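A.B. asks: The structure's right below; bear with me while I get my questions together.
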Amino acid sequence: MLSDDLNACGDLLRRGDPDRFLAAMAAPVAARRVLFPLYAFNLEVARAPWVTQEPMIAEMRLQWWRDALEEIREGGVVRRHEVVTPLAEVLDATGAARLEALIEARRWDIYREPFADQAAFERYIDDTSGSLLGVTARALGPADEGVSRDAGYALGLANWVRAIPALEAAGRIPLVDGRPEALRALASEGLARLGRARAARRKVSRAAGPAFFPLWQAGPILARVRRVPGAVAEGALDIAPVRSRLTLMLRASTGYW
């Protein structure tokens, strides 16, 4: 049985991040006690900059989560909250400190300035998706940091290119270079890092494996971008639902994420 707080986290994911919700539901129940609060935290932080048009209010929302992480990191009294309370039960000081980089990266979402350069874009993907996957894997069991970073980058990039039409509609400039050849190169780099992570799968313990389940769509999405870069602007990157579910079930059942 999951607690009321964990069920609340799961419901947040079901409504706001269905892909990670499905990945968590494919994991053992014991792993969901880690996955639900970490993924719910990520969802709440990710949407904090988008629920208001006022930058100062968005900054305050992110600061609220930064303060919550500080309470967890210091090991004292932690505020009562349906996400923070179960998060504090699975997150240690090291994990909390690393997630502060995720919050800092999300400040980019508040404003309309483009990324300074390609390095800044890659750092954003690493600090958001890479940090989340790395912290999640570490909370579940032993996992090589390099594998987590490569996998997190590939996953973050796949999710990012899916979001580009919505980001552009909201007035953001999501890419340093949006030309087809640049998109192909970006996708190729993501696929290379995904391949490198999977080649080193033995460095990830079985216990930490569920942290990598959200990768189930990353390969097909990035392969399509490389093959048909125009699909990014068209928002035509989603996989057919039946194929998507079957792929997740297969990878979760075999452990070959």
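Ligands are numbered from 1 in the order shown, residues from 1 within each chain, and chains are lettered A, B, ... in the order they appear in the structure tokens.
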For Gly146 (chain A), list every protein, DNA or RNA residue within 10 Å, evaluated using only C-alpha atoms, and leave out those in the same chain fewer than 5 positions away; present the list as a list in words.
C.D. replies: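 Contacts, with the query itself left out: Gly130, Gly134, Ala151, Gly152, Arg196, Ala197, Ala200 and Lys203 of chain A.
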A.B. asks: Find the residues around Phe213 (chain A) up to 12 Å (only C-alpha atoms counted), leave out those fewer than 4 positions away in its own chain, and share them as a ChimeraX atom specification.
C.D. replies: /A:19-28,31,35,133,136-137,148,151-152,155,198,206-209,217-218,245,247-257
A.B. asks: Could you name the residues that touch Asp17 (chain A) at 12 Å or less, counting only C-alpha atoms, but leaving out those on the same chain fewer than 2 positions away, as a VMD selection string?
C.D. replies: chain A and resid 9 to 15 19 to 24 36 39 to 44 46 to 47 159 214
A.B. asks: Please identify all polymer residues within 7 Å of Gly156 (chain A), counting only C-alpha atoms, omitting same-chain residues fewer than 4 positions from it, and present them as a list of chain:residue names.
C.D. replies: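 Skipping anything fewer than 4 positions along the chain leaves A:Ile125, A:Ser129, A:Gly152, A:Trp160.
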A.B. asks: Create the file for the chosen residues now, containing N, CA and C atoms and written as a PDB file, in the first residue's frame.
C.D. replies:
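File written: again-v9.pdb
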```pdb
ATOM      1  N   ILE A 125      20.106  20.892 -20.514  1.00  0.00           N
ATOM      2  CA  ILE A 125      19.599  19.518 -20.611  1.00  0.00           C
ATOM      3  C   ILE A 125      20.231  18.641 -19.538  1.00  0.00           C
ATOM      4  N   SER A 129      17.239  17.191 -17.046  1.00  0.00           N
ATOM      5  CA  SER A 129      16.991  15.759 -17.228  1.00  0.00           C
ATOM      6  C   SER A 129      18.106  14.896 -16.650  1.00  0.00           C
ATOM      7  N   GLY A 152      20.412  10.477 -19.277  1.00  0.00           N
ATOM      8  CA  GLY A 152      19.604  11.653 -18.960  1.00  0.00           C
ATOM      9  C   GLY A 152      19.633  12.685 -20.063  1.00  0.00           C
ATOM     10  N   TRP A 160      12.764  17.485 -25.141  1.00  0.00           N
ATOM     11  CA  TRP A 160      12.875  18.886 -25.544  1.00  0.00           C
ATOM     12  C   TRP A 160      12.401  19.091 -26.976  1.00  0.00           C
TER      13      TRP A 160
END
```
A.B. asks: Let's see if you can do this: from backbone DSSP, list all alpha helix (DSSP H) residues in region 41-202 of chain A, as a ChimeraX atom specification.
C.D. replies: /A:41-47,55-74,84-90,93-105,118-125,131-140,145-169,180-199
A.B. asks: Using only C-alpha atoms, determine which residues lie at most 12 Å from Arg73 (chain A), disregarding the query and same-chain residues fewer than 3 positions distant; provide the list as an MDAnalysis selection string.
C.D. replies: chainID A and resid 66:70 76:78 87:100
A.B. asks: Can you spit out the residues from that selection as a short mmCIF file (atom, residue, chain, number, x, y, z; two decimals), in the first residue's frame, using all heavy atoms?
C.D. replies:
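Final output, saved to result_8.cif:
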```
data_model
loop_
_atom_site.label_atom_id
_atom_site.label_comp_id
_atom_site.auth_asym_id
_atom_site.auth_seq_id
_atom_site.Cartn_x
_atom_site.Cartn_y
_atom_site.Cartn_z
N ARG A 66 13.44 25.55 -3.76
CA ARG A 66 14.84 25.61 -3.34
C ARG A 66 14.93 25.56 -1.80
O ARG A 66 15.78 24.86 -1.24
CB ARG A 66 15.50 26.87 -3.89
CG ARG A 66 17.01 26.91 -3.73
CD ARG A 66 17.58 28.17 -4.34
NE ARG A 66 17.58 28.13 -5.80
CZ ARG A 66 16.80 28.87 -6.59
NH1 ARG A 66 15.93 29.72 -6.06
NH2 ARG A 66 16.88 28.78 -7.89
N ASP A 67 14.03 26.28 -1.16
CA ASP A 67 14.01 26.27 0.31
C ASP A 67 13.64 24.88 0.84
O ASP A 67 14.20 24.44 1.85
CB ASP A 67 13.00 27.30 0.82
CG ASP A 67 13.43 28.73 0.55
OD1 ASP A 67 14.62 28.96 0.26
OD2 ASP A 67 12.56 29.63 0.61
N ALA A 68 12.72 24.21 0.18
CA ALA A 68 12.33 22.87 0.61
C ALA A 68 13.52 21.91 0.50
O ALA A 68 13.76 21.09 1.39
CB ALA A 68 11.16 22.35 -0.23
N LEU A 69 14.27 22.00 -0.59
CA LEU A 69 15.46 21.16 -0.73
C LEU A 69 16.50 21.47 0.34
O LEU A 69 17.17 20.57 0.84
CB LEU A 69 16.08 21.36 -2.12
CG LEU A 69 15.36 20.73 -3.31
CD1 LEU A 69 16.14 21.00 -4.59
CD2 LEU A 69 15.19 19.22 -3.12
N GLU A 70 16.62 22.73 0.69
CA GLU A 70 17.58 23.10 1.72
C GLU A 70 17.20 22.47 3.06
O GLU A 70 18.07 22.00 3.81
CB GLU A 70 17.66 24.62 1.87
CG GLU A 70 18.71 25.08 2.87
CD GLU A 70 18.84 26.59 2.93
OE1 GLU A 70 18.12 27.29 2.19
OE2 GLU A 70 19.67 27.07 3.73
N GLY A 76 16.90 18.79 9.11
CA GLY A 76 16.06 19.24 10.21
C GLY A 76 14.59 19.05 9.92
O GLY A 76 14.18 18.10 9.25
N VAL A 77 13.79 19.98 10.43
CA VAL A 77 12.34 19.92 10.19
C VAL A 77 12.06 20.28 8.73
O VAL A 77 12.57 21.27 8.22
CB VAL A 77 11.60 20.89 11.13
CG1 VAL A 77 10.11 20.89 10.82
CG2 VAL A 77 11.85 20.51 12.58
N VAL A 78 11.25 19.46 8.08
CA VAL A 78 10.90 19.67 6.67
C VAL A 78 9.43 20.03 6.58
O VAL A 78 8.58 19.39 7.23
CB VAL A 78 11.20 18.41 5.83
CG1 VAL A 78 10.77 18.61 4.38
CG2 VAL A 78 12.68 18.07 5.90
N LEU A 87 9.26 13.14 -0.50
CA LEU A 87 10.57 13.39 -1.11
C LEU A 87 11.66 13.33 -0.05
O LEU A 87 12.74 12.77 -0.29
CB LEU A 87 10.57 14.75 -1.80
CG LEU A 87 11.83 15.13 -2.58
CD1 LEU A 87 12.01 14.24 -3.79
CD2 LEU A 87 11.75 16.60 -3.02
N ALA A 88 11.38 13.90 1.11
CA ALA A 88 12.37 13.92 2.19
C ALA A 88 12.71 12.51 2.67
O ALA A 88 13.79 12.29 3.23
CB ALA A 88 11.86 14.76 3.35
N GLU A 89 11.83 11.56 2.44
CA GLU A 89 12.06 10.19 2.90
C GLU A 89 12.99 9.42 1.97
O GLU A 89 13.53 8.38 2.36
CB GLU A 89 10.73 9.45 3.02
CG GLU A 89 9.80 10.04 4.08
CD GLU A 89 8.45 9.35 4.11
OE1 GLU A 89 8.23 8.42 3.30
OE2 GLU A 89 7.60 9.75 4.94
N VAL A 90 13.20 9.91 0.74
CA VAL A 90 14.01 9.16 -0.22
C VAL A 90 15.23 9.93 -0.70
O VAL A 90 16.06 9.40 -1.43
CB VAL A 90 13.16 8.75 -1.45
CG1 VAL A 90 12.00 7.88 -1.01
CG2 VAL A 90 12.66 9.96 -2.22
N LEU A 91 15.34 11.19 -0.27
CA LEU A 91 16.41 12.05 -0.77
C LEU A 91 17.39 12.36 0.34
O LEU A 91 16.99 12.80 1.42
CB LEU A 91 15.78 13.35 -1.31
CG LEU A 91 16.62 14.22 -2.25
CD1 LEU A 91 16.96 13.46 -3.52
CD2 LEU A 91 15.83 15.49 -2.60
N ASP A 92 18.68 12.15 0.09
CA ASP A 92 19.69 12.51 1.07
C ASP A 92 20.28 13.88 0.73
O ASP A 92 19.86 14.53 -0.24
CB ASP A 92 20.78 11.45 1.17
CG ASP A 92 21.56 11.26 -0.13
OD1 ASP A 92 21.40 12.08 -1.07
OD2 ASP A 92 22.33 10.28 -0.22
N ALA A 93 21.25 14.33 1.52
CA ALA A 93 21.81 15.67 1.34
C ALA A 93 22.46 15.83 -0.03
O ALA A 93 22.34 16.87 -0.67
CB ALA A 93 22.83 15.96 2.45
N THR A 94 23.16 14.78 -0.49
CA THR A 94 23.81 14.86 -1.79
C THR A 94 22.80 14.99 -2.91
O THR A 94 22.96 15.81 -3.83
CB THR A 94 24.69 13.61 -2.01
OG1 THR A 94 25.68 13.54 -0.98
CG2 THR A 94 25.37 13.67 -3.37
N GLY A 95 21.74 14.20 -2.84
CA GLY A 95 20.70 14.28 -3.87
C GLY A 95 19.99 15.63 -3.86
O GLY A 95 19.71 16.20 -4.91
N ALA A 96 19.71 16.14 -2.66
CA ALA A 96 19.05 17.44 -2.56
C ALA A 96 19.91 18.54 -3.15
O ALA A 96 19.42 19.43 -3.86
CB ALA A 96 18.71 17.74 -1.10
N ALA A 97 21.21 18.49 -2.87
CA ALA A 97 22.12 19.51 -3.41
C ALA A 97 22.16 19.45 -4.94
O ALA A 97 22.19 20.49 -5.61
CB ALA A 97 23.52 19.31 -2.84
N ARG A 98 22.13 18.25 -5.48
CA ARG A 98 22.18 18.14 -6.94
C ARG A 98 20.90 18.65 -7.58
O ARG A 98 20.94 19.24 -8.67
CB ARG A 98 22.43 16.69 -7.34
CG ARG A 98 22.62 16.53 -8.84
CD ARG A 98 23.15 15.19 -9.22
NE ARG A 98 23.24 15.08 -10.67
CZ ARG A 98 23.52 13.96 -11.30
NH1 ARG A 98 23.75 12.85 -10.61
NH2 ARG A 98 23.57 13.92 -12.61
N LEU A 99 19.78 18.45 -6.94
CA LEU A 99 18.52 18.92 -7.52
C LEU A 99 18.41 20.44 -7.49
O LEU A 99 17.58 21.02 -8.19
CB LEU A 99 17.34 18.28 -6.80
CG LEU A 99 17.12 16.79 -7.09
CD1 LEU A 99 15.91 16.28 -6.33
CD2 LEU A 99 16.97 16.53 -8.58
N GLU A 100 19.24 21.09 -6.68
CA GLU A 100 19.24 22.55 -6.70
C GLU A 100 19.71 23.07 -8.06
O GLU A 100 19.27 24.12 -8.52
CB GLU A 100 20.13 23.09 -5.58
CG GLU A 100 19.54 22.88 -4.19
CD GLU A 100 20.46 23.34 -3.08
OE1 GLU A 100 21.55 23.85 -3.39
OE2 GLU A 100 20.08 23.18 -1.90
#
```
A.B. asks: When you count only C-alpha atoms, which of these residues is closest to Trp64 (chain A): A:Pro229, A:His81, A:Ala105, A:Trp50?
C.D. replies: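 Closest to Trp64 (chain A), using only C-alpha atoms: A:His81.
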A.B. asks: With only C-alpha atoms as the atoms that count, which of A:Val176, A:Leu167, A:Ala101, A:Val161 lies nearest to Ala120 (chain A)?
C.D. replies: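 Counting only C-alpha atoms, the residue closest to Ala120 (chain A) is A:Val176.
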A.B. asks: Got a sec: who's within 12 Å of Ser3 (chain A), counting only C-alpha atoms, leaving out chain neighbours fewer than 2 positions off, as a list in words?
C.D. replies: Met1, Asp5, Leu6, Asn7, Ala8, Cys9, Gly10, Val29, Arg32, Arg33, Phe36, Pro37, Glu82, Val83, Thr85 and Pro86 of chain A
A.B. asks: How about saving the chosen residues, all heavy atoms kept, as a short mmCIF file (atom, residue, chain, number, x, y, z; two decimals), in the first residue's frame?
C.D. replies:
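The resulting file, part.cif, is shown below:
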```cif
data_model
loop_
_atom_site.label_atom_id
_atom_site.label_comp_id
_atom_site.auth_asym_id
_atom_site.auth_seq_id
_atom_site.Cartn_x
_atom_site.Cartn_y
_atom_site.Cartn_z
N MET A 1 0.84 -1.20 0.00
CA MET A 1 0.00 0.00 0.00
C MET A 1 0.88 1.26 0.00
O MET A 1 1.84 1.36 0.76
CB MET A 1 -0.90 0.01 1.24
CG MET A 1 -2.00 -1.03 1.22
SD MET A 1 -3.33 -0.59 0.10
CE MET A 1 -4.01 0.83 0.96
N ASP A 5 0.16 10.52 0.50
CA ASP A 5 1.05 11.46 -0.18
C ASP A 5 1.58 10.86 -1.48
O ASP A 5 1.64 11.54 -2.51
CB ASP A 5 2.22 11.84 0.73
CG ASP A 5 1.83 12.82 1.81
OD1 ASP A 5 0.82 13.52 1.64
OD2 ASP A 5 2.53 12.88 2.84
N LEU A 6 2.00 9.59 -1.43
CA LEU A 6 2.52 8.96 -2.64
C LEU A 6 1.43 8.81 -3.70
O LEU A 6 1.70 9.00 -4.89
CB LEU A 6 3.12 7.60 -2.29
CG LEU A 6 4.45 7.64 -1.55
CD1 LEU A 6 4.83 6.26 -1.05
CD2 LEU A 6 5.55 8.21 -2.46
N ASN A 7 0.23 8.48 -3.27
CA ASN A 7 -0.88 8.42 -4.23
C ASN A 7 -1.16 9.78 -4.84
O ASN A 7 -1.48 9.89 -6.02
CB ASN A 7 -2.13 7.86 -3.55
CG ASN A 7 -2.06 6.36 -3.36
OD1 ASN A 7 -1.55 5.64 -4.22
ND2 ASN A 7 -2.57 5.87 -2.24
N ALA A 8 -1.02 10.84 -4.03
CA ALA A 8 -1.21 12.20 -4.55
C ALA A 8 -0.13 12.53 -5.57
O ALA A 8 -0.40 13.14 -6.61
CB ALA A 8 -1.19 13.21 -3.41
N CYS A 9 1.12 12.12 -5.30
CA CYS A 9 2.21 12.32 -6.26
C CYS A 9 1.91 11.57 -7.56
O CYS A 9 2.11 12.10 -8.66
CB CYS A 9 3.53 11.83 -5.68
SG CYS A 9 4.21 12.86 -4.35
N GLY A 10 1.44 10.34 -7.43
CA GLY A 10 1.11 9.56 -8.62
C GLY A 10 0.01 10.22 -9.42
O GLY A 10 0.06 10.23 -10.66
N VAL A 29 6.55 -1.97 -7.14
CA VAL A 29 5.87 -1.06 -6.20
C VAL A 29 6.88 -0.38 -5.29
O VAL A 29 6.78 0.82 -5.00
CB VAL A 29 4.82 -1.83 -5.38
CG1 VAL A 29 4.23 -0.91 -4.29
CG2 VAL A 29 3.71 -2.34 -6.28
N ARG A 32 8.38 2.63 -6.79
CA ARG A 32 7.47 3.78 -6.95
C ARG A 32 7.54 4.72 -5.75
O ARG A 32 7.25 5.91 -5.87
CB ARG A 32 6.03 3.30 -7.14
CG ARG A 32 5.79 2.56 -8.44
CD ARG A 32 4.38 2.04 -8.53
NE ARG A 32 4.32 0.86 -9.40
CZ ARG A 32 3.33 0.00 -9.44
NH1 ARG A 32 2.28 0.18 -8.64
NH2 ARG A 32 3.36 -1.04 -10.25
N ARG A 33 7.93 4.20 -4.61
CA ARG A 33 8.07 5.05 -3.42
C ARG A 33 9.19 6.08 -3.61
O ARG A 33 9.19 7.13 -2.96
CB ARG A 33 8.37 4.18 -2.19
CG ARG A 33 7.29 3.17 -1.89
CD ARG A 33 7.64 2.30 -0.68
NE ARG A 33 6.68 1.22 -0.51
CZ ARG A 33 5.51 1.34 0.12
NH1 ARG A 33 5.20 2.50 0.68
NH2 ARG A 33 4.70 0.32 0.22
N PHE A 36 7.75 8.18 -7.58
CA PHE A 36 6.62 9.11 -7.52
C PHE A 36 7.01 10.48 -6.95
O PHE A 36 6.73 11.51 -7.58
CB PHE A 36 5.47 8.50 -6.72
CG PHE A 36 4.56 7.59 -7.52
CD1 PHE A 36 3.49 6.96 -6.91
CD2 PHE A 36 4.77 7.36 -8.87
CE1 PHE A 36 2.64 6.12 -7.63
CE2 PHE A 36 3.94 6.52 -9.60
CZ PHE A 36 2.87 5.90 -8.97
N PRO A 37 7.64 10.55 -5.77
CA PRO A 37 7.95 11.89 -5.24
C PRO A 37 9.01 12.63 -6.05
O PRO A 37 8.92 13.86 -6.21
CB PRO A 37 8.43 11.62 -3.80
CG PRO A 37 8.81 10.18 -3.78
CD PRO A 37 7.93 9.50 -4.77
N GLU A 82 2.46 17.48 0.25
CA GLU A 82 2.20 16.16 -0.32
C GLU A 82 3.33 15.64 -1.20
O GLU A 82 3.46 14.43 -1.40
CB GLU A 82 0.90 16.17 -1.12
CG GLU A 82 0.91 17.07 -2.33
CD GLU A 82 -0.43 17.12 -3.05
OE1 GLU A 82 -1.41 16.56 -2.53
OE2 GLU A 82 -0.49 17.74 -4.14
N VAL A 83 4.17 16.55 -1.72
CA VAL A 83 5.34 16.12 -2.49
C VAL A 83 6.61 16.18 -1.65
O VAL A 83 7.41 15.24 -1.65
CB VAL A 83 5.51 16.99 -3.77
CG1 VAL A 83 6.80 16.61 -4.50
CG2 VAL A 83 4.31 16.83 -4.69
N THR A 85 7.06 16.03 1.61
CA THR A 85 7.13 15.06 2.71
C THR A 85 7.66 13.69 2.24
O THR A 85 8.62 13.17 2.83
CB THR A 85 5.76 14.93 3.40
OG1 THR A 85 5.38 16.22 3.92
CG2 THR A 85 5.81 13.92 4.53
N PRO A 86 7.08 13.08 1.21
CA PRO A 86 7.65 11.80 0.75
C PRO A 86 9.00 11.96 0.07
O PRO A 86 9.82 11.04 0.08
CB PRO A 86 6.59 11.26 -0.22
CG PRO A 86 5.84 12.46 -0.69
CD PRO A 86 5.83 13.40 0.49
#
```
A.B. asks: Could you tell me which of A:Val242, A:Ala58, A:Ser205, A:Arg224 comes closest to Ala139 (chain A) if we count only C-alpha atoms?
C.D. replies: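 Ranking A:Val242, A:Ala58, A:Ser205, A:Arg224 by distance to Ala139 (chain A), first place goes to A:Ser205.
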A.B. asks: Could you state the separation of CA of Val225 (chain A) and CA of Leu194 (chain A) in Å, given to one decimal place?
C.D. replies: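 About the pair CA of Val225 (chain A) and CA of Leu194 (chain A): they are 14.5 Å apart.
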